[in-house]
Structure formats: structure tokens, C-alpha cells
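See below for input-v5.cif, which holds mmCIF, C-alpha atoms and all ligand atoms.
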```cif
data_entry
#
loop_
_atom_site.label_atom_id
_atom_site.label_comp_id
_atom_site.auth_asym_id
_atom_site.auth_seq_id
_atom_site.Cartn_x
_atom_site.Cartn_y
_atom_site.Cartn_z
CA MET A 228 110.20 113.47 115.60
CA ILE A 229 109.67 116.23 113.11
CA SER A 230 110.79 119.80 113.54
CA GLU A 231 108.42 122.68 114.31
CA SER A 232 109.31 124.34 111.00
CA LEU A 233 108.46 121.19 109.03
CA LYS A 234 105.22 120.87 110.99
CA GLU A 235 104.33 124.45 110.07
CA LEU A 236 105.19 123.89 106.42
CA ILE A 237 102.92 120.82 106.38
CA ILE A 238 100.06 122.63 108.11
CA ASN A 239 100.27 125.42 105.51
CA ALA A 240 100.62 123.11 102.51
CA ASP A 241 97.72 121.74 100.47
CA CYS A 242 97.38 118.48 102.36
CA ASN A 243 95.46 116.78 105.15
CA ALA A 244 97.89 116.06 107.94
CA PHE A 245 97.42 113.86 111.01
CA PHE A 246 100.11 113.94 113.68
CA ASP A 247 100.98 110.89 115.83
CA GLU A 248 98.74 108.84 113.59
CA PRO A 249 98.40 105.06 114.10
CA MET A 250 99.46 103.30 110.90
CA SER A 251 97.03 100.48 111.72
CA LEU A 252 94.37 102.85 110.33
CA HIS A 253 96.14 102.92 106.97
CA THR A 254 97.15 99.32 106.33
CA SER A 255 95.00 96.44 105.13
CA PHE A 256 96.58 94.28 107.88
CA ARG A 257 95.19 96.79 110.46
CA ILE A 258 98.64 96.62 112.08
CA GLY A 259 101.29 99.27 112.72
CA GLY A 260 102.40 101.74 115.38
CA LYS A 261 102.32 105.50 115.08
CA THR A 262 103.93 107.72 112.52
CA ASP A 263 104.97 111.28 113.42
CA CYS A 264 102.82 112.57 110.59
CA PHE A 265 100.49 110.97 108.08
CA CYS A 266 100.05 113.43 105.29
CA GLU A 267 97.65 113.14 102.39
CA VAL A 268 99.09 115.50 99.80
CA ASN A 269 96.78 117.05 97.23
CA THR A 270 99.09 118.83 94.78
CA LEU A 271 102.43 118.35 93.08
CA GLU A 272 103.62 121.66 94.46
CA SER A 273 102.94 120.57 98.05
CA LEU A 274 104.50 117.18 97.46
CA LYS A 275 107.68 118.77 96.13
CA LYS A 276 107.86 121.23 99.04
CA ILE A 277 107.37 118.56 101.71
CA ILE A 278 109.88 116.12 100.21
CA ALA A 279 112.44 118.91 99.68
CA ALA A 280 112.05 120.01 103.31
CA CYS A 281 112.39 116.41 104.55
CA ARG A 282 115.56 115.97 102.53
CA ALA A 283 117.00 119.29 103.68
CA GLU A 284 116.37 118.40 107.34
CA GLY A 285 117.24 114.73 107.09
CA THR A 286 113.69 113.70 108.09
CA GLU A 287 112.56 110.26 106.92
CA TYR A 288 109.62 110.08 104.53
CA PHE A 289 107.76 107.11 103.13
CA ILE A 290 105.35 107.07 100.19
CA ILE A 291 102.35 104.88 100.89
CA GLY A 292 99.71 103.73 98.41
CA LEU A 293 96.68 102.02 99.93
CA GLY A 294 98.81 100.11 102.44
CA SER A 295 97.75 96.71 101.11
CA ASN A 296 101.19 95.15 100.86
CA LEU A 297 102.78 96.45 104.04
CA LEU A 298 103.63 95.17 107.47
CA VAL A 299 104.36 98.27 109.55
CA SER A 300 106.35 97.79 112.76
CA ASP A 301 104.60 97.95 116.14
CA ASN A 302 107.10 100.71 116.97
CA GLY A 303 105.73 102.77 114.12
CA LEU A 304 107.32 104.68 111.31
CA SER A 305 109.34 107.77 112.14
CA GLY A 306 109.07 110.90 110.03
CA ILE A 307 106.35 111.49 107.49
CA VAL A 308 104.16 109.04 105.64
CA ILE A 309 102.95 110.60 102.40
CA LYS A 310 99.82 109.47 100.63
CA LEU A 311 98.93 110.87 97.22
CA GLY A 312 95.41 112.32 97.15
CA GLY A 313 93.68 115.25 95.40
CA ASP A 314 95.26 115.90 91.99
CA PHE A 315 96.93 112.49 92.15
CA GLU A 316 93.54 110.81 91.99
CA GLU A 317 92.61 112.14 88.57
CA ILE A 318 91.94 109.85 85.66
CA SER A 319 91.38 110.63 81.99
CA GLN A 320 91.28 108.99 78.60
CA GLU A 321 94.16 109.94 76.29
CA GLY A 322 93.48 109.34 72.63
CA GLU A 323 91.52 106.19 71.80
CA ASN A 324 93.07 103.42 73.87
CA ARG A 325 95.09 105.07 76.58
CA ILE A 326 94.21 106.05 80.13
CA ARG A 327 96.31 108.33 82.26
CA CYS A 328 95.83 107.83 85.98
CA GLY A 329 97.16 109.62 89.01
CA ALA A 330 99.31 107.29 91.12
CA GLY A 331 96.98 107.71 94.11
CA ILE A 332 93.92 106.34 92.38
CA SER A 333 92.78 102.81 93.28
CA LEU A 334 93.06 99.96 90.80
CA ALA A 335 89.32 99.51 91.32
CA LYS A 336 88.66 103.01 89.92
CA LEU A 337 90.97 102.35 86.99
CA CYS A 338 89.12 99.09 86.23
CA LEU A 339 85.69 100.75 86.39
CA PHE A 340 86.82 103.71 84.29
CA ALA A 341 88.26 101.35 81.66
CA LYS A 342 85.07 99.27 81.60
CA ASN A 343 82.92 102.36 81.14
CA LYS A 344 85.09 103.44 78.20
CA GLY A 345 84.88 99.95 76.65
CA LEU A 346 88.61 99.36 77.09
CA GLY A 347 89.76 95.89 78.11
CA GLY A 348 93.01 94.54 79.54
CA ALA A 349 92.86 95.78 83.12
CA GLU A 350 90.31 93.19 84.31
CA PHE A 351 93.01 91.09 86.03
CA ALA A 352 93.48 93.96 88.50
CA TRP A 353 89.86 93.94 89.68
CA GLY A 354 90.00 92.96 93.35
CA ILE A 355 93.65 93.86 93.96
CA PRO A 356 93.15 96.40 96.77
CA GLY A 357 96.05 98.71 95.89
CA SER A 358 96.66 102.05 94.21
CA VAL A 359 98.01 102.48 90.70
CA GLY A 360 101.32 103.74 92.14
CA GLY A 361 101.62 100.73 94.44
CA ALA A 362 100.71 98.39 91.59
CA VAL A 363 103.45 99.80 89.35
CA TYR A 364 105.98 99.73 92.19
CA MET A 365 105.13 96.04 92.90
CA ASN A 366 104.26 95.02 89.33
CA ALA A 367 101.02 93.70 90.80
CA GLY A 368 99.34 90.88 88.97
CA ALA A 369 96.73 88.16 89.12
CA TYR A 370 95.03 85.53 87.01
CA GLY A 371 97.52 85.70 84.16
CA GLY A 372 97.83 89.50 83.97
CA GLU A 373 100.36 91.93 85.38
CA ILE A 374 100.46 95.71 85.44
CA LYS A 375 103.55 95.53 83.20
CA ASP A 376 101.32 94.23 80.38
CA ILE A 377 99.44 97.53 80.20
CA VAL A 378 101.86 100.24 81.40
CA VAL A 379 103.19 102.46 78.64
CA SER A 380 104.87 105.12 80.75
CA SER A 381 105.04 106.63 84.21
CA ARG A 382 106.03 110.05 85.46
CA TYR A 383 107.90 110.30 88.73
CA LEU A 384 109.67 112.70 91.03
CA ASP A 385 113.35 111.85 91.30
CA GLU A 386 115.37 112.26 94.49
CA ASP A 387 116.30 115.82 93.57
CA GLY A 388 112.71 116.87 92.99
CA ASN A 389 112.78 116.76 89.17
CA ILE A 390 109.83 115.36 87.24
CA ARG A 391 110.95 112.59 84.90
CA GLU A 392 109.34 109.97 82.71
CA ARG A 393 109.99 106.27 82.19
CA ILE A 394 108.79 104.43 79.13
CA GLY A 395 108.15 100.71 78.58
CA GLU A 396 111.20 98.56 79.33
CA GLU A 397 112.83 101.28 81.37
CA HIS A 398 110.55 100.10 84.19
CA ASP A 399 112.58 96.87 84.46
CA PHE A 400 109.45 94.96 85.40
CA SER A 401 109.72 91.37 86.54
CA TYR A 402 107.71 89.20 88.94
CA ARG A 403 106.55 91.56 91.76
CA HIS A 404 109.37 93.95 90.93
CA SER A 405 109.94 97.22 89.12
CA ILE A 406 112.83 99.64 88.97
CA TYR A 407 110.99 101.71 91.60
CA CYS A 408 111.80 99.01 94.20
CA THR A 409 115.45 100.02 93.88
CA ARG A 410 115.05 103.84 93.97
CA ARG A 411 113.72 106.51 96.28
CA GLU A 412 111.38 108.01 93.73
CA THR A 413 107.71 108.96 93.85
CA ILE A 414 105.48 107.73 91.06
CA LEU A 415 103.17 110.60 90.09
CA ASP A 416 101.04 109.21 87.30
CA VAL A 417 100.87 106.29 84.96
CA THR A 418 99.65 105.82 81.39
CA VAL A 419 98.23 102.46 80.41
CA GLU A 420 97.26 101.19 76.99
CA LEU A 421 94.19 98.99 76.68
CA THR A 422 92.24 97.36 73.86
CA PRO A 423 88.68 98.10 72.75
CA LYS A 424 86.33 95.40 74.11
CA SER A 425 82.62 95.19 74.77
CA LYS A 426 81.55 96.50 78.16
CA ASN A 427 79.66 93.25 78.77
CA GLU A 428 82.70 91.12 78.14
CA ILE A 429 84.81 93.30 80.45
CA PHE A 430 82.10 93.16 83.11
CA TYR A 431 81.91 89.34 82.99
CA LEU A 432 85.71 89.01 83.16
CA MET A 433 85.80 91.30 86.20
CA GLN A 434 83.00 89.39 87.85
CA ASP A 435 84.72 86.07 87.15
CA THR A 436 87.95 87.38 88.72
CA MET A 437 86.09 88.55 91.81
CA ASP A 438 84.20 85.25 92.12
CA LYS A 439 87.52 83.37 92.11
CA ARG A 440 88.91 85.69 94.78
CA LYS A 441 85.85 85.32 97.00
CA LYS A 442 86.02 81.53 96.69
CA LYS A 443 89.72 81.21 97.48
CA GLN A 444 90.74 84.18 99.62
CA PRO A 445 89.90 85.12 103.23
CA LEU A 446 88.53 88.53 102.26
CA ASN A 447 86.61 88.87 105.54
CA ARG A 448 89.83 89.21 107.57
CA PRO A 449 92.53 91.90 107.52
CA SER A 450 95.61 90.73 105.60
CA ALA A 451 98.16 91.90 103.06
CA GLY A 452 97.25 89.28 100.47
CA SER A 453 99.80 86.59 99.61
CA VAL A 454 102.65 86.92 102.05
CA PHE A 455 105.19 85.04 99.94
CA LYS A 456 106.29 85.29 96.33
CA ARG A 457 105.59 82.28 94.16
CA PRO A 458 108.73 80.12 94.30
CA THR A 459 109.85 78.84 90.89
CA GLY A 460 108.10 75.58 90.11
CA HIS A 461 105.87 75.64 93.20
CA TYR A 462 102.91 77.40 94.79
CA ALA A 463 103.67 78.89 98.21
CA ALA A 464 100.19 78.04 99.54
CA ALA A 465 100.48 74.37 98.48
CA LEU A 466 103.92 74.02 100.11
CA ILE A 467 102.67 75.61 103.34
CA GLU A 468 99.68 73.29 103.42
CA GLU A 469 101.83 70.22 102.65
CA CYS A 470 103.98 71.12 105.63
CA GLY A 471 100.95 71.07 107.93
CA LEU A 472 101.04 74.80 108.59
CA LYS A 473 97.49 75.68 107.56
CA GLY A 474 95.75 77.40 110.49
CA VAL A 475 98.92 77.71 112.58
CA SER A 476 99.01 80.90 114.61
CA VAL A 477 101.16 83.19 116.70
CA GLY A 478 98.99 85.42 118.88
CA ASP A 479 96.19 86.70 116.66
CA ALA A 480 98.20 86.18 113.45
CA GLN A 481 97.16 83.02 111.66
CA VAL A 482 98.01 81.17 108.46
CA SER A 483 94.60 81.40 106.82
CA GLU A 484 92.44 78.27 106.91
CA LYS A 485 91.04 79.32 103.54
CA HIS A 486 94.26 80.18 101.66
CA SER A 487 97.56 79.11 103.22
CA GLY A 488 99.47 81.81 101.33
CA PHE A 489 97.66 84.47 103.38
CA ILE A 490 98.32 85.43 106.98
CA VAL A 491 95.26 86.97 108.57
CA ASN A 492 94.86 89.24 111.56
CA ASN A 493 92.18 87.69 113.76
CA GLY A 494 91.83 90.78 115.91
CA LYS A 495 94.80 92.12 117.78
CA ALA A 496 97.75 90.65 115.89
CA SER A 497 100.95 92.66 116.21
CA ALA A 498 103.64 93.06 113.57
CA LYS A 499 105.84 91.00 115.90
CA ASP A 500 103.30 88.12 115.81
CA VAL A 501 103.12 88.25 112.01
CA LYS A 502 106.91 88.35 111.65
CA GLU A 503 107.32 85.42 114.03
CA LEU A 504 104.74 83.43 112.09
CA ILE A 505 106.42 84.27 108.78
CA CYS A 506 109.79 83.07 110.16
CA ARG A 507 108.22 79.86 111.44
CA VAL A 508 106.59 79.15 108.07
CA GLN A 509 109.83 79.89 106.19
CA GLN A 510 111.81 77.67 108.53
CA VAL A 511 109.47 74.65 108.40
CA VAL A 512 108.99 74.88 104.62
CA LYS A 513 112.76 75.07 104.11
CA GLU A 514 113.37 72.09 106.42
CA LYS A 515 110.67 69.90 104.91
CA THR A 516 110.85 70.82 101.22
CA GLY A 517 114.15 72.63 100.72
CA VAL A 518 112.31 75.62 99.21
CA ASP A 519 113.09 79.19 100.32
CA LEU A 520 109.96 81.31 100.64
CA GLU A 521 110.68 84.95 99.88
CA CYS A 522 108.40 87.62 101.30
CA GLU A 523 106.22 89.63 98.93
CA VAL A 524 104.92 91.77 101.80
CA LYS A 525 107.16 94.76 102.59
CA PHE A 526 108.31 95.32 106.18
CA VAL A 527 108.59 98.98 107.10
CA GLY A 528 109.22 100.99 110.23
CA GLU A 529 111.32 101.09 113.35
CA ALA A 530 113.02 97.90 114.54
C1 LIG B 1 93.12 90.83 100.01
C2 LIG B 1 94.34 91.17 99.21
C3 LIG B 1 94.51 90.61 97.95
C4 LIG B 1 95.65 90.92 97.20
N1 LIG B 1 95.78 90.35 95.96
C5 LIG B 1 96.86 90.66 95.21
C6 LIG B 1 97.01 90.08 93.90
O1 LIG B 1 96.17 89.35 93.41
N2 LIG B 1 98.12 90.42 93.21
C7 LIG B 1 99.08 91.27 93.69
O2 LIG B 1 100.06 91.55 93.00
N3 LIG B 1 98.95 91.81 94.92
C8 LIG B 1 97.88 91.54 95.69
N4 LIG B 1 97.76 92.09 96.93
C9 LIG B 1 98.83 92.94 97.46
C10 LIG B 1 98.69 94.45 97.16
O3 LIG B 1 97.33 94.80 96.97
C11 LIG B 1 99.53 94.85 95.95
O4 LIG B 1 100.90 94.60 96.16
C12 LIG B 1 99.34 96.33 95.59
O5 LIG B 1 99.96 96.58 94.36
C13 LIG B 1 99.94 97.28 96.65
O6 LIG B 1 99.49 98.58 96.35
P1 LIG B 1 99.31 99.68 97.47
O7 LIG B 1 98.86 100.93 96.83
O8 LIG B 1 98.48 99.17 98.57
O9 LIG B 1 100.82 99.85 97.95
P2 LIG B 1 101.37 99.92 99.45
O10 LIG B 1 101.14 98.61 100.11
O11 LIG B 1 100.89 101.14 100.12
O12 LIG B 1 102.94 100.07 99.14
C14 LIG B 1 103.66 99.02 98.51
C15 LIG B 1 105.01 99.61 98.05
O13 LIG B 1 104.75 100.52 96.98
C16 LIG B 1 105.37 101.78 97.26
N5 LIG B 1 104.53 102.82 96.64
C17 LIG B 1 103.18 102.92 96.67
N6 LIG B 1 102.79 104.01 95.98
C18 LIG B 1 103.91 104.59 95.49
C19 LIG B 1 104.17 105.76 94.70
N7 LIG B 1 103.18 106.54 94.24
N8 LIG B 1 105.45 106.06 94.40
C20 LIG B 1 106.48 105.28 94.85
N9 LIG B 1 106.28 104.18 95.60
C21 LIG B 1 105.02 103.84 95.92
C22 LIG B 1 105.41 101.86 98.77
O14 LIG B 1 106.42 102.76 99.20
C23 LIG B 1 105.71 100.42 99.16
O15 LIG B 1 107.09 100.16 99.10
C24 LIG B 1 96.63 91.80 97.71
C25 LIG B 1 96.45 92.37 98.98
C26 LIG B 1 95.32 92.06 99.72
C27 LIG B 1 95.13 92.70 101.06
#
```
Take the structure in the file and write it out as C-alpha cells.
Ligand SMILES: Cc1cc2nc3c(=O)[nH]c(=O)nc-3n(C[C@H](O)[C@H](O)[C@H](O)COP(=O)(O)OP(=O)(O)OC[C@H]3O[C@@H](n4cnc5c(N)ncnc54)[C@H](O)[C@@H]3O)c2cc1C
Amino acid sequence: MISESLKELIINADCNAFFDEPMSLHTSFRIGGKTDCFCEVNTLESLKKIIAACRAEGTEYFIIGLGSNLLVSDNGLSGIVIKLGGDFEEISQEGENRIRCGAGISLAKLCLFAKNKGLGGAEFAWGIPGSVGGAVYMNAGAYGGEIKDIVVSSRYLDEDGNIRERIGEEHDFSYRHSIYCTRRETILDVTVELTPKSKNEIFYLMQDTMDKRKKKQPLNRPSAGSVFKRPTGHYAAALIEECGLKGVSVGDAQVSEKHSGFIVNNGKASAKDVKELICRVQQVVKEKTGVDLECEVKFVGEA
């Protein structure tokens, strides 16, 4: 529930707000119950106002990127879900080799912008269906590259509404982790440093990455990508397959036949189905191989 005064503030702010909005419309899994308000915020001023009001009233708020690494509860997400749009989707070249991108912009747009400027280094991110903010939060990576390799700095809103900046190692990046995972801060924009490269070479690298994805991943079904982190010394998908779990399902949630590290939604899977399947996979893999599979996908929402 959100108060009438907060509702009014949101309606009058520079944002597009949807009340009682199903989160299944905003997650790549196509799963998730309703949120009290899904709010695409266009300006920093509006973002600050809305977060300050939430904090003053004790209303929950959650910053979402493109919802590609989330499993939202069937009971929904109370309070406000904030997506960064408008001004947060700007992108520009800074000096010769740097690009500054709003946190709301997709990695796809960053990759295309970089290619068109003849700047290489972001090709690994082609095909990761997240936003720049979500990628920094998660330290997203693929095919030998990670966002940490290119991030120079990020600006963020701290819990008290101050704009601050983090540089290089201050991000505390590690495998699928950044300092943002441990704070309630909103990433506003990110500066990356790339290297001059021919547009053709960048194009072929991007195409190669996408070909590999299409070959290996079930891109025709809703999912949140790899459900589990890579355990040290193993591949999650190989362990799951070894344990005979490929294709196993709970309701409409299924361990993908194409890539055992993915769980796909075959139609009407609920968050409960996915969670149950995750637990089953973790349990069997632990019993048969002794390896603990840790979730990469983030669970959010009401129990
Ligand atoms: C088909 C498919 C393939 C995938 N392949 C890969 C892959 O190769 N490599 C990989 O690493 N991941 C992969 N993923 C997972 C996912 O795309 C990444 O984790 C991505 O970085 C998530 O970004 P997002 O914008 O969707 O974040 P969301 O899923 O919306 O959010 C993830 C977390 O980031 C936080 N967050 C997002 N934006 C901000 C912000 N501005 N400020 C503060 N916090 C924020 C959220 O609160 C949440 O905790 C894949 C997913 C799918 C569906």
C-alpha cells in the first residue's frame, strides 16, 4: 500500500506511473505478482523526490533495471518499483575513449554506440539483456569479459539523497558482485573506457558472441539467464546435466533442454514453481557431487 500523498507526488512528478502493475510485464522470466506502483522516472529531480518521500514514510522501494536477473514473488512487491528512464537513458562520448551512459540504458545500446564510435572492449556484453545499472550492480560478464574490465567510475545516489561518485577499485567488483549489492544506493550513470578498434572487427566480435548465445541458450523462452553462479572448478550446467536433471520440471518451470544452467518458463510458471525447481536442483547436485550451487538470480518480493 502506498499513501494518497505519495500517490499524488508520483502523479505530479516527471515519471510514467502504473498502479497495481503486474511485475510479470517487467521481468524476462515473465513471472511476478503486482507491485503497488511501477514508476519509470525521467529526471534526477523526480527520482530524488520519490525516494526521499518513500524514506520519510517508510514505504519500500526497489530499483529495477531491465528485470533480466530477477525472480519476483507471486505475491508481488510492495511499495514502489523504480525504473530509470528519460534522462537516465542518455549516452555520450567523453574525450577520445570514454563513454558515459545513463544507468537505465540497455547494454545493447552501449554496445552499438561503442561500435559506431569505433571503440572496442564492450563486445562481450552484446546479448546480455540488462541495463548498464544492472550490469554494474551484478558485474555482468560473458565470454571472457566483465563490466569491471571497462568501468572507470559510476555516480550514484546514496541513502540520504546525495550524489556521489565511485572510481575503479572502490566498486569492489568480483564474480557477479559489486559494492552496490551490499548497499541501498541507486546507480545514476557509468563511465566506461574502451579502446580504438575497427568497426568491422567490433561487428564480427559482436556477431560471434551472439552466434554462440543462439547456439547454446534457449533464447526463445522466458528466463533469467544462468540461474546459478559458476562454482569454483566446475560448470553449473555440466553438473546439473551429470545429475540427470536436464529437462526436469515443476509446473511450467523447466531446466532447459538446451542449456541446463537455465530454467525456462514454458508458459504459466509461477515463482513458487521456479523456487521449488531451484531447491530440487541444488539438493540433488549437492547429494550427488558435493557441490553447493549458489543462485545468481535475485529473489525479490513478498514471501
Ligand atoms: C537470456 C539471458 C541471458 C543472460 N546472459 C547473461 C550473461 O551472459 N552474463 C551475465 O552476467 N548475465 C546474464 N544474464 C542475466 C542479466 O541479464 C544480468 O545479470 C544483467 O546484468 C541484469 O541487468 P538488469 O538491468 O536486467 O537488472 P535487474 O535484473 O533489473 O536487476 C538486477 C539487480 O540490479 C539492481 N539494479 C539494477 N539497476 C540498478 C541501478 N540503476 N541502481 C542500483 N541497483 C540497480 C536491482 O535492484 C537488482 O538487485 C542473462 C539473462 C538472460 C535473460
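When all atoms listed in the file are used to compute distances to ligand LIG 1 (chain B), the closest of the residues A:Glu428, A:Glu503, A:Glu521, A:Glu316 turns out to be A:Glu316.
Minimum distance to ligand LIG 1 (chain B) across A:Asp263, A:Asp479, A:Glu350, A:Glu235 (counting only C-alpha atoms and all ligand atoms) occurs at A:Glu350.
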Where does stretch 280-340 of chain A meet stretch 437-451 of chain A within 9 Å, residue by residue, with the nearest atom pair and distance in Å to one decimal for each, counting all atoms listed in the file, listed by chain and rising number, as a Markdown table?
```
| residue | atom | partner | partner_atom | distance |
| --- | --- | --- | --- | --- |
| A:Gly294 | CA | A:Ala451 | CA | 8.3 |
| A:Ser295 | CA | A:Ala451 | CA | 5.2 |
| A:Asn296 | CA | A:Ala451 | CA | 5.0 |
| A:Leu297 | CA | A:Ala451 | CA | 6.6 |
| A:Leu298 | CA | A:Ala451 | CA | 7.7 |
```
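Checking A:Ala244, A:Leu271, A:Ile237, A:Val524 one by one against A:Ile414, counting all atoms listed in the file, you find the shortest gap at A:Leu271.
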- [ ] Give the residue list for ligand LIG 1 (chain B) at 8 Å, counting only C-alpha atoms and all ligand atoms, as number ranges by chain, sorted by chain and then by residue number.
- [x] A: 254-256, 289-297, 310-311, 330-331, 333, 352, 354-370, 373, 383, 403, 407-408, 411-416, 444-446, 449-453, 523-525
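Closest approach to A:Phe246 from the set A:Val454, A:Lys485, A:Ile229, A:Cys264 is made by A:Cys264, with distances taken over only C-alpha atoms.
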Open item on the list: Would you pick out the contacts of A:Cys328 at 7 Å or less, using all atoms listed in the file, so that residues sharing its chain but fewer than 6 positions from it are not included, and give the list as a VMD selection string?
Closed with: chain A and resid 317 to 319 416 to 418
Could those selected residues go to a file with C-alpha atoms, as a tab-separated table (two decimals), keeping the file's coordinate frame?
```tsv
chain	number	residue	atom	x	y	z
A	317	GLU	CA	92.61	112.14	88.57
A	318	ILE	CA	91.94	109.85	85.66
A	319	SER	CA	91.38	110.63	81.99
A	416	ASP	CA	101.04	109.21	87.30
A	417	VAL	CA	100.87	106.29	84.96
A	418	THR	CA	99.65	105.82	81.39
```
Open item on the list: What's around A:Glu272 at 12 Å? Count all atoms listed in the file, leave out sequence neighbours fewer than 2 positions away in its own chain, and write the answer as a list in words.
Closed with: Ile237, Ala240, Asp241, Cys242, Val268, Asn269, Thr270, Leu274, Lys275, Lys276, Ile277, Ile278, Ala279, Gly313, Asp314, Phe315, Leu384, Gly388, Asn389, Ile390 and Leu415 of chain A
Task: For atom CA of A:Phe489 and atom CA of A:Gly371, the interatomic separation in Å (one decimal) - done: 19.3 Å
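For the choices A:Glu267, A:Glu248, A:Asp387, A:Asp500, the atom-to-atom distance to A:Gln481 is smallest for A:Asp500 when using only C-alpha atoms.
Of note, atom CA of A:Ile374 and atom CA of A:Ser300 are spaced 28.0 Å apart.
As for atom CA of A:Gln320 and atom CA of A:Asn427, they are spaced 19.6 Å apart.
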As lines of an AutoDock Vina configuration file, what would the box around stretch 440-455 of chain A look like: edges along x, y and z, 8 Å added on every side, centre and edge lengths in Å to one decimal?
```
center_x = 95.5
center_y = 86.6
center_z = 101.2
size_x = 35.3
size_y = 26.7
size_z = 28.8
```
- [ ] Write out as an NGL selection string each polymer residue whose atoms come within 9 Å of A:Arg257, counting only C-alpha atoms; drop sequence neighbours fewer than 5 positions from it.
- [x] :A and (250-252 or 449-450 or 492 or 494-496)
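Using all atoms listed in the file, the smallest distance between any of A:Gly478, A:Asn493, A:Glu468, A:Ala530 and A:Lys515 comes from A:Glu468.
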Open item on the list: For A:Val475, find every residue with an atom within 10 Å (counting all atoms listed in the file), except residues of its own chain fewer than 5 positions away, and show them as an NGL selection string.
Closed with: :A and (480-484 or 487 or 490 or 504 or 507-508)
